[in-house]
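Accompanying notes for the structure given below.
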Amino acid sequence: MTIQQTVADATIAQNRLATGKKVNSALDNPLNYFAAAGLDQRASDLSGLQDNMQQAVRTLTAASSGIDGMTKLFQTAQGLANSAAAESDPTRRNTLTTQFNTILSQVDELMKNSGYGGTNLLNGDKLNVSFDPKSTTSTLSIQTNAGSMGTGALTSSNLGV
């Protein structure tokens with residue numbers, strides 16, 4: 001009987017070493033097992049929330065980068081508009097107008113490509129981030145509302161350019 005008990009104890013010890021858990025089933029210690037199961041579930045919930053928050057940060061970073069790029073393009077467009085206003089040669093003015101319109105189309109393309117994970121805040125998409133596992137008490141929603149019509153997309157025409 002002692003050898004059987006020693007083998008059973010060795011098996012339990014090996015199982016604990018292999019899993020890293022002191023209690024592996026409700027038979028080992030019911031109170032500790034269910035407490036650990038609850039903590040494991042909570043850790044899993046928090047890990048999922050952390051992943052959602054990281055996705056939200058990446059979406060906001062993509063939108064911020066898009067806005068930075070659009071700002072640079074608008075500055076270029078402003079320089080072209082100022083040059084066209086000062087230009088007296090109609091051919092040169094038409095060339096500057098074409099360049100200006102090209103810049104505006106680049107702004108619109110940049111806006112369309114400033115999303116992450118299927119969410120583009122510059123295109124009027126809505127980003128929802130939950131800070132609790134049940135999504136009932138702590139949720140953040142972000143969405144643009146650009147233009148006089150409230151279309152949401154940050155295009156050059158909606159911005160009045």
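Within each chain, counting starts at residue 1; across the structure tokens, chains are named A, B, ... in the order shown, with ligands numbered 1 upward in that order.
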
Residues near A:Ala81, cut-off 8 Å, only C-alpha atoms, skip fewer than 5 positions along chain, as a PyMOL selection string: chain A and resi 96-97+100

List the spatial neighbours of stretch 126-132 of chain A as a ChimeraX atom specification - criterion: any atom at most 9 Å away, only C-alpha atoms, same-chain residues fewer than 5 positions off excluded. /A:45-46,49-50,52-53,56,59,119-121,137-144

File of the preceding selection, C-alpha atoms, as an mmCIF file, in the first residue's frame:
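Ended up saving to selection.cif:
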```cif
data_model
loop_
_atom_site.group_PDB
_atom_site.id
_atom_site.type_symbol
_atom_site.label_atom_id
_atom_site.label_comp_id
_atom_site.auth_asym_id
_atom_site.auth_seq_id
_atom_site.Cartn_x
_atom_site.Cartn_y
_atom_site.Cartn_z
ATOM 1 C CA ASP A 45 -11.484 38.558 -19.746
ATOM 2 C CA LEU A 46 -8.802 41.150 -19.000
ATOM 3 C CA LEU A 49 -10.006 43.691 -23.101
ATOM 4 C CA GLN A 50 -6.313 44.472 -23.398
ATOM 5 C CA ASN A 52 -9.367 45.326 -27.792
ATOM 6 C CA MET A 53 -7.642 48.381 -26.325
ATOM 7 C CA ALA A 56 -8.253 50.773 -30.602
ATOM 8 C CA THR A 59 -6.927 52.532 -35.079
ATOM 9 C CA THR A 119 -12.303 50.763 -38.969
ATOM 10 C CA ASN A 120 -11.504 54.107 -40.566
ATOM 11 C CA LEU A 121 -12.304 57.004 -38.266
ATOM 12 C CA THR A 137 -20.461 50.262 -17.650
ATOM 13 C CA SER A 138 -17.261 51.457 -19.292
ATOM 14 C CA THR A 139 -17.442 51.942 -23.039
ATOM 15 C CA LEU A 140 -15.854 54.612 -25.215
ATOM 16 C CA SER A 141 -17.238 55.433 -28.669
ATOM 17 C CA ILE A 142 -15.357 57.596 -31.169
ATOM 18 C CA GLN A 143 -16.711 58.801 -34.498
ATOM 19 C CA THR A 144 -16.075 61.806 -36.740
#
```

Those of chain A in DSSP strand (DSSP E or B), formatted as a ChimeraX atom specification: /A:116,119,126-130,139-143

Tell me which of A:Gly79, A:Gly69, A:Gly160, A:Gly38 sits closest to A:Asn113, counting only C-alpha atoms.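 Of the candidates, the smallest distance to A:Asn113 is held by A:Gly69.
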
Picked from stretch 73-128 of chain A by DSSP as alpha helix (DSSP H), as a ChimeraX atom specification: /A:73-86,90-112

For the residues selected in the previous step, produce a file with C-alpha atoms as a CSV table (one decimal), in the first residue's frame.
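What ended up in part-v7.csv:
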```csv
chain,number,residue,atom,x,y,z
A,73,LEU,CA,-1.0,67.9,-48.3
A,74,PHE,CA,-3.3,70.8,-47.4
A,75,GLN,CA,-0.2,73.0,-46.8
A,76,THR,CA,1.1,72.0,-50.2
A,77,ALA,CA,-2.3,72.8,-51.7
A,78,GLN,CA,-2.3,76.2,-49.9
A,79,GLY,CA,1.1,77.0,-51.4
A,80,LEU,CA,-0.2,76.1,-54.9
A,81,ALA,CA,-3.3,78.2,-54.4
A,82,ASN,CA,-1.2,81.2,-53.3
A,83,SER,CA,1.1,80.7,-56.4
A,84,ALA,CA,-1.9,80.5,-58.7
A,85,ALA,CA,-3.5,83.6,-57.2
A,86,ALA,CA,-0.2,85.5,-57.9
A,90,PRO,CA,-3.1,81.5,-67.8
A,91,THR,CA,-1.1,78.4,-68.9
A,92,ARG,CA,0.9,78.5,-65.7
A,93,ARG,CA,-2.3,79.1,-63.7
A,94,ASN,CA,-4.0,76.1,-65.3
A,95,THR,CA,-1.0,73.9,-64.4
A,96,LEU,CA,-1.1,75.1,-60.8
A,97,THR,CA,-4.9,74.4,-60.7
A,98,THR,CA,-4.3,70.9,-62.0
A,99,GLN,CA,-1.7,70.3,-59.4
A,100,PHE,CA,-4.0,71.7,-56.7
A,101,ASN,CA,-6.8,69.3,-57.8
A,102,THR,CA,-4.4,66.4,-57.8
A,103,ILE,CA,-3.4,67.2,-54.2
A,104,LEU,CA,-7.1,67.3,-53.2
A,105,SER,CA,-7.6,63.8,-54.7
A,106,GLN,CA,-4.5,62.6,-52.8
A,107,VAL,CA,-6.1,64.0,-49.6
A,108,ASP,CA,-9.3,62.0,-50.3
A,109,GLU,CA,-7.3,58.8,-51.1
A,110,LEU,CA,-5.2,59.2,-47.9
A,111,MET,CA,-8.4,59.6,-45.9
A,112,LYS,CA,-9.8,56.4,-47.4
```

So what do you get for atom CA of A:Tyr116 versus atom CA of A:Ala62, distance-wise? 6.3 Å
